[in-house]
Every structure is written in structure tokens, then in C-alpha cells.
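Colleague: Handing you a structure now.
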Amino acid sequence: MASNQDKDGIDIVFGAGGGKGPGEIGAYKALLELGVPIGKITGVSVGNLIAVMATNGMSPDEMAEETLRGLRQRNDLGLLIKTFTPSDLISLLIGGPIDMTVPMREMVERLGLKPNKQLQIVACDIFSKEPFLFAGEDYDLAKAMTASCALPTVLRPVWYNGPNQSGDSRPRLLVDGAVYHYNPVDFSREPAIVFSFKAATEQPRSEDVKTPLDLYFHWREMYMPIAGHRRYVDPVKNVVVEIGLPNVAGLNFTASLNNFDAMVEEGYQTTLKVVGEAIKAGRVPSNKVAAVK
């Protein structure tokens, strides 16, 4: 007899990882090939971008094309100038001058992306350190995407007055959901499939360091991460898939672009193995009788 989890699909969590996001594109491709019925998809930080694209019906190839487009636009001076919008002093002190709402809104409008019942986006209230969940179909998607990615000291946070899950509408200053947790399972049914990026543990290749900032952000991830180290998810209650190349840091976008295909492939192969084994063990449902040979 099928369980509710089998009938409704298994929930997915796409975790935080910055420029390591291409790995989750490969992971999503593997889930589709394995015939995993998917329930709600929760995304945090870069994982929210993958979740938004997936729940809006984009294929892995389309997701890869859009992600590459974003990585290549990073050095677009015209786009950078557009991100210098007016700001209050608190937001500037916490996040700096770069407002990612501008490129996020452009992405939402160009691709026709919409909030939907399958999608959940996690940000963090910088003052209370509590998670804030965007869910349902009635919120500003571009603002939610921006908030979930707004890493303190790197990107400007987002003021938000909308209600949380309990209906509280007090003003909040929202930052990257990874400040709360890299892989929050709070809003998913267990067992969920949780994609967690490994922290960089090896030095970058010389060709992946174009500026001192590349090296700075790589070393920060290795020794003093900006968003902290809250990554643990109970592997007994959930299916945890750890992905990521050991020599690529999330904020070294030079390495992200150079290693794009390798990250997609590593996420794909790792997911095929881990989730395939979970299907065999009966922990994950599959719509394919012979999903795993």
C-alpha cells in the first residue's frame, strides 16, 4: 500500500553553496532520470534559484544555460551599475552597496517565473537569526530570491514586511538563509532528499584564481566561513547527498565558471549513486520499475 509520501512525492532540499550551484543542476537531472516523484522543493541561497527554476518547469539543460548566463554576466559593468540602488544605512553596513533585486527581477520577468505551491524559499531574519519561509503563490518572487541569497558583507539584505507562517507581519531584515542553516529541513516532510554542498578542503587551481578576491573567498570558506558552518542533517531521518568539488569555493566565481561542467557531472553521478541506493533500500520512491539496475 502506497504511503502519503509515495503518493505526493518526496520533499527535496537544495542547500546553500554560492557558485557551487551547478552541482544541484546535475543532482536534479539524476532525480528525473531515476523517476523520483518530487513533492515540495525547498531552496536556500543558490539552492533557491535551482528550486525556482525546477518548480517552474525548466529542464536541467535550460537551468544550466541560465546559470551560465548569470555567471558570465558577473563582469558586466552596465549590470553592476544597476545594482547600486539607494539604500538605508543599516542595509549598507550589513551587506554593502550591491542590490541583487535588480538582476533577480530581470530573471523573473524574462523567464516568466512565478511563486507556486511546490516551491519554498528560506531566508533568515538577521536580528533574530530565525528562518523566514516564503511559500504559496502570493509574494514578490524576485525579492524572496534576493533575500535568500543576500550573504552578509557581500550582498545587500532585504527589508520585508510580509507575514511569516504564523501571520506575523513585523518588519524584518532578511539575509542569506545559510546564516540560519545551509540545508534547513524544518519545512520538509521527513524523509527528505537533502543536497548539501561540501566545504572546500583543497587549495584552488592556479587557473581558478584571477584576482586576490578569488583567493580570499576560497580561504574564508576553508578556515572562516562567512555564514558559519551549520550544515548537519540527520542521515537516519533523511537521505543526505553531499556534493561539491573539494577545490571549488562557493564565492570564487572564476572557479565556478571554469569548473561548471565538472560540477554538474559530479552532482549527477553522486546523486545517481546515493539516491539509487536509497531507492533499492526502499527509502525513496521511484516511478520507474527498473530505475536502478
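Identifiers in the C-alpha cells: chain A, B, ... in order shown; residue index from 1 per chain; ligand index from 1 in order shown.
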List the neighbours of region 188-193 of chain A out to 9 Å using only C-alpha atoms; skip same-chain residues closer than 2 positions along the sequence, and give me the result as a PDB file with all heavy atoms, in the first residue's frame.
Modeller:
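As a result, around17.pdb now contains:
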```pdb
ATOM      1  N   GLN A   5       3.749   9.749   1.383  1.00  0.00           N
ATOM      2  CA  GLN A   5       4.995  10.231   0.793  1.00  0.00           C
ATOM      3  C   GLN A   5       5.131   9.715  -0.628  1.00  0.00           C
ATOM      4  O   GLN A   5       5.531  10.440  -1.538  1.00  0.00           O
ATOM      5  CB  GLN A   5       6.186   9.782   1.650  1.00  0.00           C
ATOM      6  CG  GLN A   5       7.524  10.357   1.239  1.00  0.00           C
ATOM      7  CD  GLN A   5       7.718  11.790   1.653  1.00  0.00           C
ATOM      8  OE1 GLN A   5       7.012  12.676   1.192  1.00  0.00           O
ATOM      9  NE2 GLN A   5       8.665  12.046   2.523  1.00  0.00           N
ATOM     10  N   ILE A  10       8.394  12.808  -2.712  1.00  0.00           N
ATOM     11  CA  ILE A  10       9.303  13.044  -1.592  1.00  0.00           C
ATOM     12  C   ILE A  10       9.828  14.470  -1.663  1.00  0.00           C
ATOM     13  O   ILE A  10      10.134  14.986  -2.748  1.00  0.00           O
ATOM     14  CB  ILE A  10      10.461  12.017  -1.617  1.00  0.00           C
ATOM     15  CG1 ILE A  10      11.310  12.124  -0.352  1.00  0.00           C
ATOM     16  CG2 ILE A  10      11.313  12.154  -2.877  1.00  0.00           C
ATOM     17  CD1 ILE A  10      12.265  10.947  -0.169  1.00  0.00           C
ATOM     18  N   ASP A  11       9.890  15.140  -0.529  1.00  0.00           N
ATOM     19  CA  ASP A  11      10.349  16.530  -0.499  1.00  0.00           C
ATOM     20  C   ASP A  11      11.852  16.605  -0.755  1.00  0.00           C
ATOM     21  O   ASP A  11      12.612  15.698  -0.398  1.00  0.00           O
ATOM     22  CB  ASP A  11      10.022  17.174   0.850  1.00  0.00           C
ATOM     23  CG  ASP A  11       8.527  17.440   1.024  1.00  0.00           C
ATOM     24  OD1 ASP A  11       7.776  17.242   0.053  1.00  0.00           O
ATOM     25  OD2 ASP A  11       8.133  17.848   2.130  1.00  0.00           O
ATOM     26  N   ILE A  12      12.257  17.710  -1.356  1.00  0.00           N
ATOM     27  CA  ILE A  12      13.656  17.945  -1.734  1.00  0.00           C
ATOM     28  C   ILE A  12      14.135  19.240  -1.082  1.00  0.00           C
ATOM     29  O   ILE A  12      13.388  20.217  -1.005  1.00  0.00           O
ATOM     30  CB  ILE A  12      13.814  18.074  -3.268  1.00  0.00           C
ATOM     31  CG1 ILE A  12      13.163  16.901  -3.993  1.00  0.00           C
ATOM     32  CG2 ILE A  12      15.281  18.228  -3.650  1.00  0.00           C
ATOM     33  CD1 ILE A  12      13.776  15.560  -3.700  1.00  0.00           C
ATOM     34  N   VAL A  13      15.378  19.247  -0.625  1.00  0.00           N
ATOM     35  CA  VAL A  13      16.005  20.470  -0.127  1.00  0.00           C
ATOM     36  C   VAL A  13      17.273  20.721  -0.933  1.00  0.00           C
ATOM     37  O   VAL A  13      18.189  19.890  -0.936  1.00  0.00           O
ATOM     38  CB  VAL A  13      16.360  20.376   1.373  1.00  0.00           C
ATOM     39  CG1 VAL A  13      17.080  21.649   1.826  1.00  0.00           C
ATOM     40  CG2 VAL A  13      15.109  20.141   2.215  1.00  0.00           C
ATOM     41  N   PHE A  14      17.316  21.847  -1.628  1.00  0.00           N
ATOM     42  CA  PHE A  14      18.523  22.266  -2.333  1.00  0.00           C
ATOM     43  C   PHE A  14      19.246  23.274  -1.440  1.00  0.00           C
ATOM     44  O   PHE A  14      18.755  24.380  -1.203  1.00  0.00           O
ATOM     45  CB  PHE A  14      18.194  22.907  -3.678  1.00  0.00           C
ATOM     46  CG  PHE A  14      17.793  21.909  -4.740  1.00  0.00           C
ATOM     47  CD1 PHE A  14      16.566  22.012  -5.397  1.00  0.00           C
ATOM     48  CD2 PHE A  14      18.639  20.867  -5.086  1.00  0.00           C
ATOM     49  CE1 PHE A  14      16.207  21.108  -6.374  1.00  0.00           C
ATOM     50  CE2 PHE A  14      18.286  19.950  -6.072  1.00  0.00           C
ATOM     51  CZ  PHE A  14      17.058  20.071  -6.713  1.00  0.00           C
ATOM     52  N   LYS A  40       7.359  18.881  -2.375  1.00  0.00           N
ATOM     53  CA  LYS A  40       7.777  20.277  -2.262  1.00  0.00           C
ATOM     54  C   LYS A  40       9.298  20.381  -2.412  1.00  0.00           C
ATOM     55  O   LYS A  40      10.043  19.487  -2.006  1.00  0.00           O
ATOM     56  CB  LYS A  40       7.341  20.865  -0.914  1.00  0.00           C
ATOM     57  CG  LYS A  40       5.834  21.064  -0.796  1.00  0.00           C
ATOM     58  CD  LYS A  40       5.474  21.817   0.450  1.00  0.00           C
ATOM     59  CE  LYS A  40       3.964  21.999   0.567  1.00  0.00           C
ATOM     60  NZ  LYS A  40       3.412  22.828  -0.523  1.00  0.00           N
ATOM     61  N   ILE A  41       9.732  21.477  -3.012  1.00  0.00           N
ATOM     62  CA  ILE A  41      11.160  21.731  -3.170  1.00  0.00           C
ATOM     63  C   ILE A  41      11.512  22.992  -2.390  1.00  0.00           C
ATOM     64  O   ILE A  41      10.992  24.076  -2.663  1.00  0.00           O
ATOM     65  CB  ILE A  41      11.556  21.902  -4.643  1.00  0.00           C
ATOM     66  CG1 ILE A  41      11.171  20.667  -5.464  1.00  0.00           C
ATOM     67  CG2 ILE A  41      13.052  22.175  -4.758  1.00  0.00           C
ATOM     68  CD1 ILE A  41      11.544  20.752  -6.936  1.00  0.00           C
ATOM     69  N   THR A  42      12.377  22.832  -1.395  1.00  0.00           N
ATOM     70  CA  THR A  42      12.837  23.957  -0.583  1.00  0.00           C
ATOM     71  C   THR A  42      14.220  24.365  -1.050  1.00  0.00           C
ATOM     72  O   THR A  42      15.099  23.516  -1.228  1.00  0.00           O
ATOM     73  CB  THR A  42      12.902  23.558   0.908  1.00  0.00           C
ATOM     74  OG1 THR A  42      11.600  23.183   1.349  1.00  0.00           O
ATOM     75  CG2 THR A  42      13.402  24.714   1.756  1.00  0.00           C
ATOM     76  N   PRO A 184      18.345  23.638   5.551  1.00  0.00           N
ATOM     77  CA  PRO A 184      17.252  23.564   6.522  1.00  0.00           C
ATOM     78  C   PRO A 184      16.165  22.567   6.108  1.00  0.00           C
ATOM     79  O   PRO A 184      15.594  22.670   5.029  1.00  0.00           O
ATOM     80  CB  PRO A 184      16.700  24.993   6.543  1.00  0.00           C
ATOM     81  CG  PRO A 184      17.050  25.548   5.195  1.00  0.00           C
ATOM     82  CD  PRO A 184      18.355  24.921   4.817  1.00  0.00           C
ATOM     83  N   VAL A 185      15.885  21.614   6.985  1.00  0.00           N
ATOM     84  CA  VAL A 185      14.834  20.628   6.717  1.00  0.00           C
ATOM     85  C   VAL A 185      13.569  20.940   7.529  1.00  0.00           C
ATOM     86  O   VAL A 185      12.627  20.145   7.532  1.00  0.00           O
ATOM     87  CB  VAL A 185      15.318  19.197   7.039  1.00  0.00           C
ATOM     88  CG1 VAL A 185      16.428  18.777   6.088  1.00  0.00           C
ATOM     89  CG2 VAL A 185      15.798  19.103   8.487  1.00  0.00           C
ATOM     90  N   ASP A 186      13.554  22.088   8.191  1.00  0.00           N
ATOM     91  CA  ASP A 186      12.449  22.460   9.074  1.00  0.00           C
ATOM     92  C   ASP A 186      11.091  22.433   8.388  1.00  0.00           C
ATOM     93  O   ASP A 186      10.065  22.190   9.033  1.00  0.00           O
ATOM     94  CB  ASP A 186      12.663  23.878   9.625  1.00  0.00           C
ATOM     95  CG  ASP A 186      14.037  24.103  10.206  1.00  0.00           C
ATOM     96  OD1 ASP A 186      15.024  23.781   9.528  1.00  0.00           O
ATOM     97  OD2 ASP A 186      14.125  24.628  11.333  1.00  0.00           O
ATOM     98  N   PHE A 195      20.259  17.986  -0.499  1.00  0.00           N
ATOM     99  CA  PHE A 195      21.511  18.171  -1.218  1.00  0.00           C
ATOM    100  C   PHE A 195      22.358  19.196  -0.473  1.00  0.00           C
ATOM    101  O   PHE A 195      22.002  20.366  -0.368  1.00  0.00           O
ATOM    102  CB  PHE A 195      21.246  18.607  -2.658  1.00  0.00           C
ATOM    103  CG  PHE A 195      20.596  17.536  -3.469  1.00  0.00           C
ATOM    104  CD1 PHE A 195      19.234  17.539  -3.699  1.00  0.00           C
ATOM    105  CD2 PHE A 195      21.347  16.466  -3.960  1.00  0.00           C
ATOM    106  CE1 PHE A 195      18.625  16.529  -4.424  1.00  0.00           C
ATOM    107  CE2 PHE A 195      20.750  15.447  -4.683  1.00  0.00           C
ATOM    108  CZ  PHE A 195      19.386  15.477  -4.917  1.00  0.00           C
ATOM    109  N   VAL A 236      19.849   9.576   9.227  1.00  0.00           N
ATOM    110  CA  VAL A 236      18.922   8.490   9.535  1.00  0.00           C
ATOM    111  C   VAL A 236      17.502   8.891   9.153  1.00  0.00           C
ATOM    112  O   VAL A 236      16.746   8.100   8.574  1.00  0.00           O
ATOM    113  CB  VAL A 236      19.003   8.111  11.027  1.00  0.00           C
ATOM    114  CG1 VAL A 236      17.959   7.048  11.369  1.00  0.00           C
ATOM    115  CG2 VAL A 236      20.397   7.618  11.379  1.00  0.00           C
ATOM    116  N   LYS A 237      17.151  10.138   9.449  1.00  0.00           N
ATOM    117  CA  LYS A 237      15.809  10.625   9.145  1.00  0.00           C
ATOM    118  C   LYS A 237      15.663  11.073   7.694  1.00  0.00           C
ATOM    119  O   LYS A 237      14.545  11.158   7.173  1.00  0.00           O
ATOM    120  CB  LYS A 237      15.463  11.798  10.067  1.00  0.00           C
ATOM    121  CG  LYS A 237      15.348  11.424  11.534  1.00  0.00           C
ATOM    122  CD  LYS A 237      14.979  12.638  12.359  1.00  0.00           C
ATOM    123  CE  LYS A 237      14.824  12.281  13.832  1.00  0.00           C
ATOM    124  NZ  LYS A 237      14.471  13.476  14.649  1.00  0.00           N
ATOM    125  N   ASN A 238      16.770  11.399   7.034  1.00  0.00           N
ATOM    126  CA  ASN A 238      16.734  11.942   5.682  1.00  0.00           C
ATOM    127  C   ASN A 238      17.783  11.269   4.804  1.00  0.00           C
ATOM    128  O   ASN A 238      18.719  10.654   5.305  1.00  0.00           O
ATOM    129  CB  ASN A 238      16.999  13.450   5.712  1.00  0.00           C
ATOM    130  CG  ASN A 238      15.979  14.205   6.536  1.00  0.00           C
ATOM    131  OD1 ASN A 238      14.878  14.488   6.089  1.00  0.00           O
ATOM    132  ND2 ASN A 238      16.342  14.534   7.771  1.00  0.00           N
ATOM    133  N   VAL A 239      17.612  11.408   3.497  1.00  0.00           N
ATOM    134  CA  VAL A 239      18.612  10.935   2.543  1.00  0.00           C
ATOM    135  C   VAL A 239      19.500  12.133   2.202  1.00  0.00           C
ATOM    136  O   VAL A 239      19.067  13.063   1.517  1.00  0.00           O
ATOM    137  CB  VAL A 239      17.952  10.373   1.266  1.00  0.00           C
ATOM    138  CG1 VAL A 239      19.020   9.948   0.261  1.00  0.00           C
ATOM    139  CG2 VAL A 239      17.031   9.210   1.614  1.00  0.00           C
ATOM    140  N   VAL A 240      20.716  12.126   2.713  1.00  0.00           N
ATOM    141  CA  VAL A 240      21.621  13.261   2.548  1.00  0.00           C
ATOM    142  C   VAL A 240      22.606  12.968   1.420  1.00  0.00           C
ATOM    143  O   VAL A 240      23.311  11.951   1.444  1.00  0.00           O
ATOM    144  CB  VAL A 240      22.385  13.560   3.853  1.00  0.00           C
ATOM    145  CG1 VAL A 240      23.310  14.752   3.669  1.00  0.00           C
ATOM    146  CG2 VAL A 240      21.402  13.816   4.995  1.00  0.00           C
ATOM    147  N   VAL A 241      22.628  13.853   0.440  1.00  0.00           N
ATOM    148  CA  VAL A 241      23.531  13.701  -0.707  1.00  0.00           C
ATOM    149  C   VAL A 241      24.542  14.838  -0.654  1.00  0.00           C
ATOM    150  O   VAL A 241      24.196  16.001  -0.875  1.00  0.00           O
ATOM    151  CB  VAL A 241      22.756  13.743  -2.043  1.00  0.00           C
ATOM    152  CG1 VAL A 241      23.697  13.430  -3.211  1.00  0.00           C
ATOM    153  CG2 VAL A 241      21.582  12.779  -2.022  1.00  0.00           C
ATOM    154  N   VAL A 275      21.107   8.269  -4.283  1.00  0.00           N
ATOM    155  CA  VAL A 275      19.648   8.125  -4.345  1.00  0.00           C
ATOM    156  C   VAL A 275      19.278   6.777  -4.953  1.00  0.00           C
ATOM    157  O   VAL A 275      18.286   6.160  -4.540  1.00  0.00           O
ATOM    158  CB  VAL A 275      19.015   9.296  -5.120  1.00  0.00           C
ATOM    159  CG1 VAL A 275      17.505   9.098  -5.265  1.00  0.00           C
ATOM    160  CG2 VAL A 275      19.301  10.615  -4.405  1.00  0.00           C
ATOM    161  N   ARG A 283      13.898   3.533   0.691  1.00  0.00           N
ATOM    162  CA  ARG A 283      13.814   4.809   1.406  1.00  0.00           C
ATOM    163  C   ARG A 283      13.276   5.931   0.521  1.00  0.00           C
ATOM    164  O   ARG A 283      12.784   6.934   1.022  1.00  0.00           O
ATOM    165  CB  ARG A 283      15.189   5.218   1.944  1.00  0.00           C
ATOM    166  CG  ARG A 283      15.803   4.246   2.941  1.00  0.00           C
ATOM    167  CD  ARG A 283      17.056   4.841   3.559  1.00  0.00           C
ATOM    168  NE  ARG A 283      16.711   5.981   4.407  1.00  0.00           N
ATOM    169  CZ  ARG A 283      17.582   6.917   4.766  1.00  0.00           C
ATOM    170  NH1 ARG A 283      18.831   6.878   4.301  1.00  0.00           N
ATOM    171  NH2 ARG A 283      17.221   7.906   5.562  1.00  0.00           N
ATOM    172  N   VAL A 284      13.426   5.765  -0.788  1.00  0.00           N
ATOM    173  CA  VAL A 284      12.984   6.775  -1.747  1.00  0.00           C
ATOM    174  C   VAL A 284      12.096   6.100  -2.783  1.00  0.00           C
ATOM    175  O   VAL A 284      12.473   5.058  -3.336  1.00  0.00           O
ATOM    176  CB  VAL A 284      14.197   7.450  -2.436  1.00  0.00           C
ATOM    177  CG1 VAL A 284      13.740   8.354  -3.581  1.00  0.00           C
ATOM    178  CG2 VAL A 284      15.007   8.253  -1.423  1.00  0.00           C
TER     179      VAL A 284
END
```
Colleague: Which residues come within 7 Å of Pro60 (chain A), counting only C-alpha atoms, excluding same-chain residues fewer than 6 positions away, as a list in words?
Modeller: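 In the requested format, the answer is Ile25, Tyr28 and Lys29 of chain A.
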Colleague: Include N, CA and C atoms and write out the residues we just selected as a compact mmCIF listing (two decimals), in the first residue's frame.
Modeller:
```txt
# COMPACT_ATOMS: atom_id res chain seq x y z
N ILE A 25 22.16 21.26 -10.32
CA ILE A 25 21.53 21.02 -11.62
C ILE A 25 21.73 19.56 -12.01
N TYR A 28 19.47 17.38 -9.86
CA TYR A 28 18.08 17.39 -10.32
C TYR A 28 17.91 16.52 -11.56
N LYS A 29 18.87 16.58 -12.46
CA LYS A 29 18.82 15.74 -13.65
C LYS A 29 18.78 14.26 -13.26
```
Colleague: Just give me the gap between CA of Leu272 (chain A) and CA of Phe253 (chain A) in Å, one decimal is fine.
Modeller: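 Separation between CA of Leu272 (chain A) and CA of Phe253 (chain A): 26.1 Å.
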Colleague: Can you pull out every residue within 7 Å of Met222 (chain A), counting only C-alpha atoms, but drop anything in the same chain fewer than 5 positions away, and send it as a compact mmCIF listing (two decimals) with all heavy atoms, in the first residue's frame?
Modeller:
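selection12.txt was written with the following content:
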```
# COMPACT_ATOMS: atom_id res chain seq x y z
N ALA A 199 32.13 21.75 2.01
CA ALA A 199 33.00 22.92 2.06
C ALA A 199 34.31 22.61 1.34
O ALA A 199 34.75 21.46 1.29
CB ALA A 199 33.28 23.30 3.51
N ALA A 200 34.93 23.63 0.76
CA ALA A 200 36.23 23.45 0.09
C ALA A 200 37.26 22.97 1.10
O ALA A 200 37.36 23.51 2.21
CB ALA A 200 36.68 24.75 -0.55
N THR A 201 38.02 21.96 0.73
CA THR A 201 39.05 21.42 1.62
C THR A 201 40.42 21.43 0.97
O THR A 201 41.42 21.14 1.63
CB THR A 201 38.71 19.97 2.01
OG1 THR A 201 38.53 19.19 0.83
CG2 THR A 201 37.44 19.92 2.84
```
Colleague: Name the residues of region 20-228 of chain A that fall into strand (DSSP E) according to DSSP on the backbone, using the chain letters and numbers of this document, as a ChimeraX atom specification.
Modeller: /A:38-44,119-125,131-135,158-160,172-176,193-197
Colleague: Quick one: of A:Leu245, A:Ala123, A:Ile50, A:Leu89, who's nearest to His181 (chain A), counting only C-alpha atoms?
Modeller: A:Ala123
Colleague: DSSP on the backbone, then: every residue of region 77-118 of chain A marked helix (DSSP H, G or I), written as a ChimeraX atom specification.
Modeller: /A:77-82,89-95,101-111
Colleague: Give me, as number ranges by chain, all polymer residues having an atom no more than 8 Å from region 99-110 of chain A, counting only C-alpha atoms and skipping those fewer than 5 positions away in the same chain.
Modeller: A: 79, 82-85, 141-143, 145-146, 150, 155-157
Colleague: Skip Cys149 (chain A) itself and residues of its chain fewer than 3 positions away, then list as a list of chain:residue names all residues within 10 Å of it, counting only C-alpha atoms.
Modeller: A:Ala16, A:Gly17, A:Gly18, A:Val44, A:Ser45, A:Val46, A:Gly47, A:Asn48, A:Leu49, A:Met100, A:Val122, A:Ala123, A:Cys124, A:Ala144, A:Met145, A:Thr146, A:Pro152, A:Val154, A:Leu155, A:Arg156, A:Pro157, A:Val158, A:Leu174, A:Val175, A:Asp176, A:Gly177, A:Ala178
Colleague: Take the residues from that selection and put them in a file with N, CA and C atoms, as a compact mmCIF listing (two decimals), in the first residue's frame.
Modeller:
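Result file is result-v9.txt:
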```txt
# COMPACT_ATOMS: atom_id res chain seq x y z
N ALA A 16 22.58 25.57 0.38
CA ALA A 16 23.37 26.76 0.04
C ALA A 16 24.77 26.36 -0.41
N GLY A 17 25.34 27.16 -1.32
CA GLY A 17 26.69 26.87 -1.78
C GLY A 17 27.26 27.88 -2.75
N GLY A 18 26.54 28.98 -3.00
CA GLY A 18 27.08 30.00 -3.90
C GLY A 18 27.34 29.47 -5.30
N VAL A 44 17.54 27.20 -0.47
CA VAL A 44 18.18 28.22 0.35
C VAL A 44 19.41 28.72 -0.38
N SER A 45 19.59 30.05 -0.40
CA SER A 45 20.71 30.68 -1.09
C SER A 45 20.71 30.27 -2.56
N VAL A 46 21.83 29.79 -3.12
CA VAL A 46 21.82 29.41 -4.52
C VAL A 46 20.83 28.29 -4.78
N GLY A 47 20.58 27.46 -3.77
CA GLY A 47 19.60 26.39 -3.93
C GLY A 47 18.21 26.91 -4.21
N ASN A 48 17.91 28.15 -3.79
CA ASN A 48 16.58 28.70 -4.08
C ASN A 48 16.44 28.99 -5.57
N LEU A 49 17.52 29.35 -6.24
CA LEU A 49 17.46 29.59 -7.68
C LEU A 49 17.18 28.29 -8.42
N MET A 100 20.96 42.85 -5.30
CA MET A 100 20.70 41.81 -6.30
C MET A 100 19.24 41.73 -6.73
N VAL A 122 13.85 29.78 1.66
CA VAL A 122 14.22 30.09 3.04
C VAL A 122 15.24 31.23 3.07
N ALA A 123 14.90 32.27 3.84
CA ALA A 123 15.84 33.35 4.15
C ALA A 123 16.02 33.37 5.67
N CYS A 124 16.75 34.34 6.19
CA CYS A 124 16.99 34.41 7.63
C CYS A 124 16.84 35.84 8.12
N ALA A 144 12.07 37.59 -2.73
CA ALA A 144 12.36 36.37 -1.96
C ALA A 144 13.67 35.74 -2.41
N MET A 145 13.90 35.67 -3.72
CA MET A 145 15.13 35.11 -4.26
C MET A 145 16.33 35.92 -3.81
N THR A 146 16.18 37.24 -3.83
CA THR A 146 17.27 38.12 -3.42
C THR A 146 17.59 37.94 -1.94
N PRO A 152 25.64 38.29 4.14
CA PRO A 152 26.14 39.48 4.83
C PRO A 152 27.60 39.79 4.47
N VAL A 154 28.61 40.79 1.77
CA VAL A 154 28.83 40.60 0.33
C VAL A 154 27.69 41.21 -0.48
N LEU A 155 26.43 40.94 -0.09
CA LEU A 155 25.27 41.42 -0.83
C LEU A 155 24.27 42.06 0.14
N ARG A 156 23.56 43.07 -0.36
CA ARG A 156 22.66 43.84 0.48
C ARG A 156 21.43 43.02 0.92
N PRO A 157 21.06 43.10 2.19
CA PRO A 157 19.87 42.39 2.67
C PRO A 157 18.58 43.04 2.18
N VAL A 158 17.46 42.41 2.51
CA VAL A 158 16.15 42.85 2.02
C VAL A 158 15.21 43.13 3.19
N LEU A 174 16.02 40.64 6.01
CA LEU A 174 16.31 39.26 5.64
C LEU A 174 17.64 39.13 4.91
N VAL A 175 18.38 38.09 5.29
CA VAL A 175 19.67 37.79 4.66
C VAL A 175 19.66 36.33 4.20
N ASP A 176 20.80 35.93 3.67
CA ASP A 176 21.00 34.57 3.15
C ASP A 176 20.51 33.52 4.14
N GLY A 177 19.70 32.58 3.66
CA GLY A 177 19.18 31.53 4.51
C GLY A 177 20.25 30.68 5.15
N ALA A 178 21.45 30.66 4.56
CA ALA A 178 22.54 29.87 5.13
C ALA A 178 23.00 30.40 6.48
```
Colleague: I'd like a table as JSON lines: residues in region 133-225 of chain A with an atom no more than 10 Å from region 114-118 of chain A, each row giving the shortest atom pair and its distance in Å to one decimal, only C-alpha atoms counted, sorted by chain and rising residue number.
Modeller:
```
{"residue": "A:Phe134", "atom": "CA", "partner": "A:Pro115", "partner_atom": "CA", "distance": 8.9}
{"residue": "A:Ala135", "atom": "CA", "partner": "A:Lys117", "partner_atom": "CA", "distance": 7.0}
{"residue": "A:Gly136", "atom": "CA", "partner": "A:Lys117", "partner_atom": "CA", "distance": 4.9}
{"residue": "A:Glu137", "atom": "CA", "partner": "A:Asn116", "partner_atom": "CA", "distance": 4.8}
{"residue": "A:Asp138", "atom": "CA", "partner": "A:Pro115", "partner_atom": "CA", "distance": 7.0}
{"residue": "A:Tyr139", "atom": "CA", "partner": "A:Pro115", "partner_atom": "CA", "distance": 7.1}
{"residue": "A:Asp140", "atom": "CA", "partner": "A:Pro115", "partner_atom": "CA", "distance": 8.0}
{"residue": "A:Leu141", "atom": "CA", "partner": "A:Pro115", "partner_atom": "CA", "distance": 6.0}
{"residue": "A:Ala142", "atom": "CA", "partner": "A:Lys114", "partner_atom": "CA", "distance": 9.2}
{"residue": "A:Ala144", "atom": "CA", "partner": "A:Pro115", "partner_atom": "CA", "distance": 9.6}
```
Colleague: Within 12 Å of Lys20 (chain A), counting only C-alpha atoms, which residues qualify if same-chain residues fewer than 2 places away don't, as JSON, numbers by chain?
Modeller: {"A": [14, 15, 16, 17, 18, 22, 23, 24, 25, 26, 27, 45, 46, 47, 50, 67, 68, 71, 195, 196, 197, 198, 199, 200, 242, 243, 244, 245, 246, 247, 248, 249, 250, 251, 252, 253, 254, 255, 256, 257, 258, 259, 260, 261, 262, 263, 264, 266, 267]}
Colleague: Taking C-alpha atoms for each residue, export the selection above as a short mmCIF file (atom, residue, chain, number, x, y, z; two decimals), in the first residue's frame.
Modeller:
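Below is the file that was written, out_39.cif:
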```
data_model
loop_
_atom_site.label_atom_id
_atom_site.label_comp_id
_atom_site.auth_asym_id
_atom_site.auth_seq_id
_atom_site.Cartn_x
_atom_site.Cartn_y
_atom_site.Cartn_z
CA PHE A 14 18.52 22.27 -2.33
CA GLY A 15 21.13 23.69 0.04
CA ALA A 16 23.37 26.76 0.04
CA GLY A 17 26.69 26.87 -1.78
CA GLY A 18 27.08 30.00 -3.90
CA PRO A 22 25.75 23.84 -10.88
CA GLY A 23 26.16 20.64 -8.86
CA GLU A 24 22.46 20.83 -7.95
CA ILE A 25 21.53 21.02 -11.62
CA GLY A 26 23.23 17.65 -12.12
CA ALA A 27 21.50 16.36 -8.99
CA SER A 45 20.71 30.68 -1.09
CA VAL A 46 21.82 29.41 -4.52
CA GLY A 47 19.60 26.39 -3.93
CA ILE A 50 17.58 25.89 -8.60
CA THR A 67 23.11 29.63 -14.68
CA LEU A 68 25.96 30.01 -17.17
CA LEU A 71 27.99 33.60 -14.20
CA PHE A 195 21.51 18.17 -1.22
CA SER A 196 24.36 19.53 0.88
CA PHE A 197 27.48 21.12 -0.58
CA LYS A 198 30.80 20.08 0.87
CA ALA A 199 33.00 22.92 2.06
CA ALA A 200 36.23 23.45 0.09
CA GLU A 242 26.85 15.52 -0.27
CA ILE A 243 28.11 17.08 -3.48
CA GLY A 244 30.82 19.52 -4.50
CA LEU A 245 34.38 19.58 -5.78
CA PRO A 246 36.95 19.92 -2.96
CA ASN A 247 38.91 22.69 -4.71
CA VAL A 248 35.96 24.97 -5.59
CA ALA A 249 34.71 27.54 -3.07
CA GLY A 250 31.23 28.97 -3.30
CA LEU A 251 32.29 32.62 -3.67
CA ASN A 252 35.12 32.01 -6.12
CA PHE A 253 33.08 32.51 -9.28
CA THR A 254 36.12 32.23 -11.53
CA ALA A 255 36.42 28.62 -10.37
CA SER A 256 32.66 28.17 -10.76
CA LEU A 257 32.75 29.12 -14.43
CA ASN A 258 35.93 27.14 -15.18
CA ASN A 259 34.59 24.02 -13.48
CA PHE A 260 30.93 24.32 -14.48
CA ASP A 261 30.62 21.07 -16.45
CA ALA A 262 32.63 19.13 -13.87
CA MET A 263 30.35 20.34 -11.07
CA VAL A 264 27.21 19.38 -12.97
CA GLU A 266 29.81 15.35 -10.14
CA GLY A 267 26.36 16.26 -8.78
#
```
Colleague: To one decimal place, how far is CA of Glu65 (chain A) from CA of Tyr268 (chain A) in Å?
Modeller: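 CA of Glu65 (chain A) sits 16.3 Å away from CA of Tyr268 (chain A).
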Colleague: Enter the distance from CA of Leu213 (chain A) to CA of Gly96 (chain A), in Å, rounded to one decimal.
Modeller: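 Result for CA of Leu213 (chain A) versus CA of Gly96 (chain A): 15.7 Å, one decimal.
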Colleague: Using only C-alpha atoms, can you tell me which of A:Tyr232, A:Ala278, A:Lys288, A:Leu173 comes closest to Tyr160 (chain A)?
Modeller: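 Closest candidate: A:Leu173.
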